[in-house]
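Notes for the one structure printed next.
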Amino acid sequence: MDITKGTAMEMRERIINKEISARELVKAHMDRIEEMEGKINAFITVTKEEAFKKADLIDAKIKNGEDLGALAGIPIGIKDNIITEGIRTSCGSKMLENFIPPYEATVVDKINKEDGIILGKTNMDEFAMGSSTETSYFGTTKNPLDLERVPGGSSGGSAAAVKSNEVALSLGSDTGGSVRQPASFCGVVGIKPSYGLVSRYGLVSLANSFDQIGVMGRNVKDAALMLQVIVGHDAKDSTSTDMERINYLDDLNEDIRDMKIAVPKEFFEIDMDNRVRENVEKAIKVFEELGGKVEEISLPNSKYGLPTYYILSTAEISSNMSRFDGIRYGYRAKEYNSLDELYMNSRSEAFGKEVKRRIMVGTYALSRDHTEDYYKKALKVRTLIKNELDEAFKKYDIILSPTSPHLPFKIGERINDPVNMYKADCFTILANLAGICALSIPCGYIEGLPVGLQIMGDRYKEIDILKAAYAFELATGGVNNAL
Amino acid sequence: MVSKEDVKYIAELCKLKFSEEELEEFTAEFCRIIGFVELLKEVDTEGVEATYHVSPKIQPLREDKVEPSLSREKVLQNAPEEQYGYFKLPRIMD
């Protein structure tokens, strides 16, 4: 049996039972990476040497009978906007092409402490701005299920690497759907935790009030295992919250009989691929068969999600991207005659088109007389959207919808049509606007292309969406169905 | 309406350079944002508080005690140019 095709849980078990060494497991995955990378380009940097070194450390631990961490020996991919000490972190941009971080992100620290093995840094849209991984300076990642199509984005490399068995688990980041949409497009499970559950220390900021690090795996249990490791308060991130630790893996098995499930009618009035709609409607029926109480609800403010997200996220982006000045780190232009030219030339030469577009839009929304009209107005509408979802979660445990209104599209098909690219985020952005949790789970295939079901849950109620997803997985082919 | 002059002014604020053609594109882009804003205008936000952050918990404070930070060497390790242990910049005063 090819070990790379298993689940993360199985890999860990086989390592603990000494059926396979960590070095053998890493070797099998490195071979797989060598075989696949020419086709899919999921990685920006592969850290072969470091990975084998770590594997040997774990094998030594096993030999000495020492305790092993929760991720013992599991091969993991890290999105390239999450800081890794001593390993290039490029954010998919020319701006940080040679950036070697002098410190470690908290999530990476946690993975290392739990004996996970990082195999490399995965490809992404430049600074996570995009939904297709096509804006990366390091070339487009291809969807392992159809090499002519995009893997989604911005965490496209993380999703493609997991789907193609290059790694068992990966980390992504989700500001408006950047974990869930690629998970949907590649047919894997992707979780965006509630805002504040996971430390953002070491995540290169896109839009701080929306950003959250998320996880991907080939089934619910694997993703839950990864989430369990990275949650928790961190003094280095003032927005991370001190929550009581819940053991997701222990409670996953509870049945979902009488779970209160909402389906917003507005979501199905949106322009979408009819085949996606039918597939999701079928999935909703499965929840009814499992004993869930499904009811239609109305979220009238949800239609303002897109403009609100667009204004607020670009405003935060324009502020965040000002740190790239060509002075302290990152790209510096070769030619300039003044300090101002140094800024201008460095930024203009090293940022791609989509990054410049969003900086411009955000600066416009914040400039001169617009702050009150645009930015403040959007902040207030955000409150209404958040309140509406908070109300819904007083009555319901989860909300179901498609993850994306479309199937994975062809490479090059949408890149020059940013409006339609943004519009496809309509289902995912609500969770970021309200800071609630949400995940995407495969719920069917259309002509070989996966459809993702989104399950949203209340703030810090990750266990609800995990339970629902796990029950759905068991009912529709079992935990190995998506492997 | 958004004029090309407006776009040029914004580009200057962003410290970004664009071709004439690109400046034209942004004129259209900014008009679309105005369209988005128009959509939000129909929402009654009278008396609604702004949401800057969604975290419901009070952020815990830590004790204010000095802890080690990155060494000068590490801080400068990614600088495009450095001299005498500082970031190096072009002269800004005559």
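Labeling convention for the structure tokens: chains A, B, ... as they appear, residues from 1 per chain, ligands from 1 in order of appearance.
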Would you kindly return, as a CSV table (one decimal) with N, CA and C atoms, in the first residue's frame, each protein, DNA or RNA residue with an atom no farther than 6 Å from any atom of Lys121 in chain A, considering only C-alpha atoms and excluding same-chain residues fewer than 6 positions away?
chain,number,residue,atom,x,y,z
A,43,PHE,N,4.1,23.9,-4.4
A,43,PHE,CA,5.1,24.4,-3.5
A,43,PHE,C,5.9,25.5,-4.1
A,44,ILE,N,6.2,26.5,-3.2
A,44,ILE,CA,7.2,27.5,-3.6
A,44,ILE,C,8.6,27.1,-3.1
A,45,THR,N,8.6,26.5,-1.9
A,45,THR,CA,9.9,26.0,-1.4
A,45,THR,C,9.7,24.6,-0.8
A,77,GLY,N,2.2,20.8,5.0
A,77,GLY,CA,2.6,21.9,4.2
A,77,GLY,C,2.1,23.2,4.8
A,78,ILE,N,2.9,24.3,4.7
A,78,ILE,CA,2.6,25.6,5.3
A,78,ILE,C,2.4,26.6,4.2
A,79,LYS,N,1.3,27.3,4.2
A,79,LYS,CA,1.1,28.4,3.3
A,79,LYS,C,2.3,29.4,3.4
A,80,ASP,N,2.7,29.9,2.3
A,80,ASP,CA,3.9,30.8,2.3
A,80,ASP,C,3.7,32.2,2.8
Interface list for chain B, partner chain A, 7 Å threshold, only C-alpha atoms, as an mmCIF file with N, CA and C atoms, in the first residue's frame:
data_model
loop_
_atom_site.group_PDB
_atom_site.id
_atom_site.type_symbol
_atom_site.label_atom_id
_atom_site.label_comp_id
_atom_site.auth_asym_id
_atom_site.auth_seq_id
_atom_site.Cartn_x
_atom_site.Cartn_y
_atom_site.Cartn_z
ATOM 1 N N ILE B 10 -4.417 59.564 -5.753
ATOM 2 C CA ILE B 10 -4.452 58.335 -4.943
ATOM 3 C C ILE B 10 -3.160 57.523 -5.149
ATOM 4 N N ALA B 11 -2.729 57.419 -6.410
ATOM 5 C CA ALA B 11 -1.500 56.663 -6.714
ATOM 6 C C ALA B 11 -0.311 57.261 -5.967
ATOM 7 N N CYS B 14 -0.362 56.204 -2.453
ATOM 8 C CA CYS B 14 0.021 54.784 -2.337
ATOM 9 C C CYS B 14 1.489 54.555 -2.637
ATOM 10 N N LYS B 15 2.184 55.568 -3.105
ATOM 11 C CA LYS B 15 3.563 55.408 -3.583
ATOM 12 C C LYS B 15 3.628 54.311 -4.650
ATOM 13 N N LEU B 16 2.764 54.449 -5.642
ATOM 14 C CA LEU B 16 2.757 53.521 -6.777
ATOM 15 C C LEU B 16 2.767 54.326 -8.073
ATOM 16 N N LYS B 17 3.436 53.747 -9.094
ATOM 17 C CA LYS B 17 3.503 54.403 -10.400
ATOM 18 C C LYS B 17 2.673 53.613 -11.408
ATOM 19 N N PHE B 30 -12.764 52.794 -9.683
ATOM 20 C CA PHE B 30 -13.266 53.632 -8.593
ATOM 21 C C PHE B 30 -14.752 53.922 -8.769
ATOM 22 N N PHE B 36 -20.898 50.331 -5.400
ATOM 23 C CA PHE B 36 -21.010 49.505 -4.191
ATOM 24 C C PHE B 36 -21.505 50.341 -3.019
ATOM 25 N N VAL B 37 -20.936 51.535 -2.897
ATOM 26 C CA VAL B 37 -21.299 52.405 -1.788
ATOM 27 C C VAL B 37 -22.771 52.816 -1.912
ATOM 28 N N LEU B 40 -24.875 50.315 -0.388
ATOM 29 C CA LEU B 40 -24.892 50.351 1.074
ATOM 30 C C LEU B 40 -25.720 51.517 1.605
ATOM 31 N N THR B 45 -28.472 52.826 8.856
ATOM 32 C CA THR B 45 -27.488 52.556 9.914
ATOM 33 C C THR B 45 -27.563 53.610 11.015
ATOM 34 N N VAL B 48 -26.420 52.835 14.631
ATOM 35 C CA VAL B 48 -25.677 51.568 14.661
ATOM 36 C C VAL B 48 -24.206 51.832 14.951
ATOM 37 N N GLU B 49 -23.647 51.060 15.875
ATOM 38 C CA GLU B 49 -22.224 51.191 16.183
ATOM 39 C C GLU B 49 -21.374 50.569 15.084
ATOM 40 N N ALA B 50 -20.172 51.087 14.894
ATOM 41 C CA ALA B 50 -19.243 50.504 13.920
ATOM 42 C C ALA B 50 -18.565 49.268 14.524
ATOM 43 N N THR B 51 -18.342 48.246 13.703
ATOM 44 C CA THR B 51 -17.608 47.059 14.155
ATOM 45 C C THR B 51 -16.200 47.083 13.575
ATOM 46 N N TYR B 52 -15.238 47.421 14.440
ATOM 47 C CA TYR B 52 -13.837 47.397 14.000
ATOM 48 C C TYR B 52 -13.246 46.008 14.202
ATOM 49 N N HIS B 53 -13.684 45.366 15.261
ATOM 50 C CA HIS B 53 -13.193 44.034 15.589
ATOM 51 C C HIS B 53 -14.323 43.181 16.113
ATOM 52 N N VAL B 54 -14.306 41.888 15.762
ATOM 53 C CA VAL B 54 -15.426 41.029 16.112
ATOM 54 C C VAL B 54 -15.231 40.254 17.403
ATOM 55 N N SER B 55 -14.027 40.334 17.960
ATOM 56 C CA SER B 55 -13.734 39.542 19.142
ATOM 57 C C SER B 55 -14.599 39.978 20.323
ATOM 58 N N LYS B 57 -14.474 38.811 23.419
ATOM 59 C CA LYS B 57 -13.806 38.683 24.711
ATOM 60 C C LYS B 57 -12.950 39.920 24.999
ATOM 61 N N GLN B 59 -9.695 41.543 25.772
ATOM 62 C CA GLN B 59 -8.348 41.071 25.507
ATOM 63 C C GLN B 59 -7.525 41.107 26.788
ATOM 64 N N LYS B 74 19.803 40.048 13.669
ATOM 65 C CA LYS B 74 18.636 39.406 13.069
ATOM 66 C C LYS B 74 17.720 40.422 12.410
ATOM 67 N N ASN B 78 17.594 40.989 6.762
ATOM 68 C CA ASN B 78 16.875 41.075 5.483
ATOM 69 C C ASN B 78 16.938 42.460 4.839
ATOM 70 N N ALA B 79 17.703 43.366 5.419
ATOM 71 C CA ALA B 79 17.757 44.727 4.875
ATOM 72 C C ALA B 79 18.457 44.728 3.514
ATOM 73 N N PRO B 80 17.877 45.418 2.524
ATOM 74 C CA PRO B 80 18.527 45.489 1.220
ATOM 75 C C PRO B 80 19.900 46.143 1.300
ATOM 76 N N PHE B 87 19.822 50.582 9.065
ATOM 77 C CA PHE B 87 19.274 50.521 7.711
ATOM 78 C C PHE B 87 19.851 51.696 6.929
ATOM 79 N N PRO B 90 18.885 56.608 1.122
ATOM 80 C CA PRO B 90 19.505 57.726 0.415
ATOM 81 C C PRO B 90 19.410 58.989 1.274
ATOM 82 N N ILE B 92 18.387 62.378 2.664
ATOM 83 C CA ILE B 92 17.122 63.090 2.504
ATOM 84 C C ILE B 92 17.242 64.575 2.814
#
Spatial neighbours of Ala8 in chain A, max dist 8 Å, only C-alpha atoms, sep filter under 2 positions, as a compact mmCIF listing (two decimals) with all heavy atoms, in the first residue's frame:
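And here's result-v9.txt as it stands now:
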# COMPACT_ATOMS: atom_id res chain seq x y z
N GLY A 6 -2.84 7.44 2.73
CA GLY A 6 -3.60 7.24 3.96
C GLY A 6 -4.05 8.55 4.60
O GLY A 6 -3.84 9.63 4.08
N GLU A 10 -3.82 7.66 10.46
CA GLU A 10 -3.20 6.35 10.20
C GLU A 10 -1.68 6.45 10.21
O GLU A 10 -0.98 5.60 10.76
CB GLU A 10 -3.62 5.83 8.82
CG GLU A 10 -4.99 5.21 8.76
CD GLU A 10 -5.49 5.07 7.32
OE1 GLU A 10 -4.69 5.28 6.37
OE2 GLU A 10 -6.68 4.79 7.15
N MET A 11 -1.17 7.50 9.57
CA MET A 11 0.28 7.68 9.50
C MET A 11 0.88 7.76 10.90
O MET A 11 1.89 7.12 11.20
CB MET A 11 0.63 8.94 8.71
CG MET A 11 0.32 8.84 7.23
SD MET A 11 0.67 10.40 6.39
CE MET A 11 -0.30 10.18 4.90
N ARG A 12 0.22 8.53 11.75
CA ARG A 12 0.70 8.70 13.12
C ARG A 12 0.70 7.35 13.85
O ARG A 12 1.65 7.00 14.53
CB ARG A 12 -0.20 9.71 13.83
CG ARG A 12 0.17 9.94 15.25
CD ARG A 12 -0.68 11.02 15.90
NE ARG A 12 -0.16 11.28 17.23
CZ ARG A 12 -0.53 10.59 18.31
NH1 ARG A 12 -1.43 9.65 18.20
NH2 ARG A 12 0.00 10.87 19.49
N ILE A 74 3.78 13.34 11.02
CA ILE A 74 2.85 13.65 9.93
C ILE A 74 3.43 14.74 9.02
O ILE A 74 3.80 15.81 9.48
CB ILE A 74 1.47 14.08 10.49
CG1 ILE A 74 0.88 12.94 11.33
CG2 ILE A 74 0.52 14.46 9.35
CD1 ILE A 74 -0.38 13.32 12.09
N ALA A 168 -0.01 15.30 4.17
CA ALA A 168 -1.28 14.80 4.72
C ALA A 168 -2.14 15.93 5.24
O ALA A 168 -3.36 15.86 5.22
CB ALA A 168 -1.00 13.81 5.84
N LEU A 169 -1.49 16.99 5.71
CA LEU A 169 -2.20 18.13 6.30
C LEU A 169 -1.54 19.42 5.84
O LEU A 169 -0.37 19.43 5.46
CB LEU A 169 -2.10 18.08 7.83
CG LEU A 169 -2.73 16.90 8.57
CD1 LEU A 169 -2.30 16.92 10.03
CD2 LEU A 169 -4.25 16.96 8.46
N ASP A 222 -8.85 14.26 10.33
CA ASP A 222 -7.50 14.78 10.12
C ASP A 222 -7.47 16.29 10.33
O ASP A 222 -6.57 16.82 10.99
CB ASP A 222 -7.02 14.47 8.69
CG ASP A 222 -6.50 13.04 8.56
OD1 ASP A 222 -6.65 12.26 9.52
OD2 ASP A 222 -5.97 12.71 7.48
Selected residue, from A:Arg275, A:His370, A:Lys282, A:Lys142, that lies nearest to Asn123 in chain A when counting only C-alpha atoms: A:Lys142
Pick out each residue of range 119-352 of chain A that DSSP on the backbone tags as alpha helix (DSSP H); I need them as a PDB file with C-alpha atoms, in the first residue's frame.
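Output file out.pdb is given in full below:
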ATOM      1  CA  GLY A 156      -4.457  26.940  -3.604  1.00  0.00           C
ATOM      2  CA  GLY A 157      -1.063  25.325  -3.024  1.00  0.00           C
ATOM      3  CA  SER A 158      -2.098  24.043   0.422  1.00  0.00           C
ATOM      4  CA  ALA A 159      -5.279  22.460  -0.993  1.00  0.00           C
ATOM      5  CA  ALA A 160      -3.570  20.950  -4.063  1.00  0.00           C
ATOM      6  CA  ALA A 161      -0.704  19.521  -1.962  1.00  0.00           C
ATOM      7  CA  VAL A 162      -3.148  17.753   0.373  1.00  0.00           C
ATOM      8  CA  LYS A 163      -5.323  16.444  -2.467  1.00  0.00           C
ATOM      9  CA  ARG A 180     -12.708  27.033   2.235  1.00  0.00           C
ATOM     10  CA  GLN A 181     -12.898  27.881  -1.479  1.00  0.00           C
ATOM     11  CA  PRO A 182      -9.682  26.030  -2.488  1.00  0.00           C
ATOM     12  CA  ALA A 183     -10.759  23.132  -0.222  1.00  0.00           C
ATOM     13  CA  SER A 184     -14.010  23.070  -2.190  1.00  0.00           C
ATOM     14  CA  PHE A 185     -12.228  23.260  -5.569  1.00  0.00           C
ATOM     15  CA  CYS A 186      -9.765  20.459  -4.699  1.00  0.00           C
ATOM     16  CA  VAL A 220     -12.800  15.694   8.933  1.00  0.00           C
ATOM     17  CA  LYS A 221     -10.862  13.836  11.622  1.00  0.00           C
ATOM     18  CA  ASP A 222      -7.495  14.777  10.117  1.00  0.00           C
ATOM     19  CA  ALA A 223      -8.492  18.436   9.873  1.00  0.00           C
ATOM     20  CA  ALA A 224      -9.802  18.361  13.457  1.00  0.00           C
ATOM     21  CA  LEU A 225      -6.492  16.873  14.653  1.00  0.00           C
ATOM     22  CA  MET A 226      -4.582  19.745  13.053  1.00  0.00           C
ATOM     23  CA  LEU A 227      -6.977  22.352  14.461  1.00  0.00           C
ATOM     24  CA  GLN A 228      -6.611  20.891  17.945  1.00  0.00           C
ATOM     25  CA  VAL A 229      -2.871  21.523  17.819  1.00  0.00           C
ATOM     26  CA  ILE A 230      -2.907  25.148  16.674  1.00  0.00           C
ATOM     27  CA  TYR A 248     -12.540  18.088  19.162  1.00  0.00           C
ATOM     28  CA  LEU A 249     -11.487  14.517  18.411  1.00  0.00           C
ATOM     29  CA  ASP A 250     -13.234  13.071  21.477  1.00  0.00           C
ATOM     30  CA  ASP A 251     -16.555  14.773  20.782  1.00  0.00           C
ATOM     31  CA  ASN A 274     -27.455  24.797 -11.130  1.00  0.00           C
ATOM     32  CA  ARG A 275     -25.540  21.567 -10.722  1.00  0.00           C
ATOM     33  CA  VAL A 276     -23.887  22.997  -7.601  1.00  0.00           C
ATOM     34  CA  ARG A 277     -27.311  24.002  -6.291  1.00  0.00           C
ATOM     35  CA  GLU A 278     -28.754  20.515  -6.853  1.00  0.00           C
ATOM     36  CA  ASN A 279     -25.778  18.859  -5.209  1.00  0.00           C
ATOM     37  CA  VAL A 280     -26.030  21.058  -2.120  1.00  0.00           C
ATOM     38  CA  GLU A 281     -29.786  20.512  -1.901  1.00  0.00           C
ATOM     39  CA  LYS A 282     -29.123  16.762  -1.903  1.00  0.00           C
ATOM     40  CA  ALA A 283     -26.573  17.236   0.866  1.00  0.00           C
ATOM     41  CA  ILE A 284     -29.136  19.142   2.936  1.00  0.00           C
ATOM     42  CA  LYS A 285     -31.495  16.144   2.606  1.00  0.00           C
ATOM     43  CA  VAL A 286     -28.784  13.914   4.072  1.00  0.00           C
ATOM     44  CA  PHE A 287     -28.816  16.088   7.203  1.00  0.00           C
ATOM     45  CA  GLU A 288     -32.594  15.610   7.450  1.00  0.00           C
ATOM     46  CA  GLU A 289     -32.159  11.852   7.144  1.00  0.00           C
ATOM     47  CA  GLY A 305     -21.821  41.250   2.525  1.00  0.00           C
ATOM     48  CA  LEU A 306     -19.870  41.712  -0.702  1.00  0.00           C
ATOM     49  CA  PRO A 307     -19.729  45.523  -0.857  1.00  0.00           C
ATOM     50  CA  THR A 308     -19.045  45.682   2.891  1.00  0.00           C
ATOM     51  CA  TYR A 309     -16.237  43.152   2.630  1.00  0.00           C
ATOM     52  CA  TYR A 310     -14.810  44.818  -0.465  1.00  0.00           C
ATOM     53  CA  ILE A 311     -14.562  48.249   1.147  1.00  0.00           C
ATOM     54  CA  LEU A 312     -13.306  47.118   4.559  1.00  0.00           C
ATOM     55  CA  SER A 313     -10.818  44.505   3.366  1.00  0.00           C
ATOM     56  CA  THR A 314      -9.202  46.796   0.788  1.00  0.00           C
ATOM     57  CA  ALA A 315      -8.999  49.586   3.384  1.00  0.00           C
ATOM     58  CA  GLU A 316      -7.130  47.272   5.751  1.00  0.00           C
ATOM     59  CA  ILE A 317      -4.976  46.012   2.867  1.00  0.00           C
ATOM     60  CA  SER A 318      -3.905  49.507   1.826  1.00  0.00           C
ATOM     61  CA  SER A 319      -2.797  50.192   5.372  1.00  0.00           C
ATOM     62  CA  ASN A 320      -1.004  46.845   5.801  1.00  0.00           C
ATOM     63  CA  LEU A 339      13.733  58.578  -1.031  1.00  0.00           C
ATOM     64  CA  ASP A 340      10.333  59.043  -2.639  1.00  0.00           C
ATOM     65  CA  GLU A 341      11.525  57.381  -5.823  1.00  0.00           C
ATOM     66  CA  LEU A 342      12.986  54.530  -3.782  1.00  0.00           C
ATOM     67  CA  TYR A 343       9.516  53.866  -2.321  1.00  0.00           C
ATOM     68  CA  MET A 344       7.705  54.290  -5.623  1.00  0.00           C
ATOM     69  CA  ASN A 345      10.063  52.253  -7.782  1.00  0.00           C
ATOM     70  CA  SER A 346      10.464  49.437  -5.255  1.00  0.00           C
ATOM     71  CA  ARG A 347       6.714  49.051  -4.746  1.00  0.00           C
ATOM     72  CA  SER A 348       5.793  49.458  -8.409  1.00  0.00           C
ATOM     73  CA  GLU A 349       8.387  46.931  -9.572  1.00  0.00           C
ATOM     74  CA  ALA A 350       7.736  44.288  -6.914  1.00  0.00           C
TER      75      ALA A 350
END
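Note that CA of Ala42 in chain A and CA of Thr141 in chain A are 5.4 Å apart.
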Contacts of Pro264 in chain A within 6 Å, only C-alpha atoms, excl. fewer than 4 positions in-chain, as a list in words: Glu296, Ile297 and Ser298 of chain A
Nearest-residue call for Cys437 in chain A, choices A:Ile111, A:Ile270, A:Val198, A:Ile83, using only C-alpha atoms: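 Of all the options, A:Val198 lies closest to Cys437 in chain A.
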Every residue of chain B that DSSP places in strand (DSSP E or B), as an NGL selection string: :B and (82-83 or 86-87)
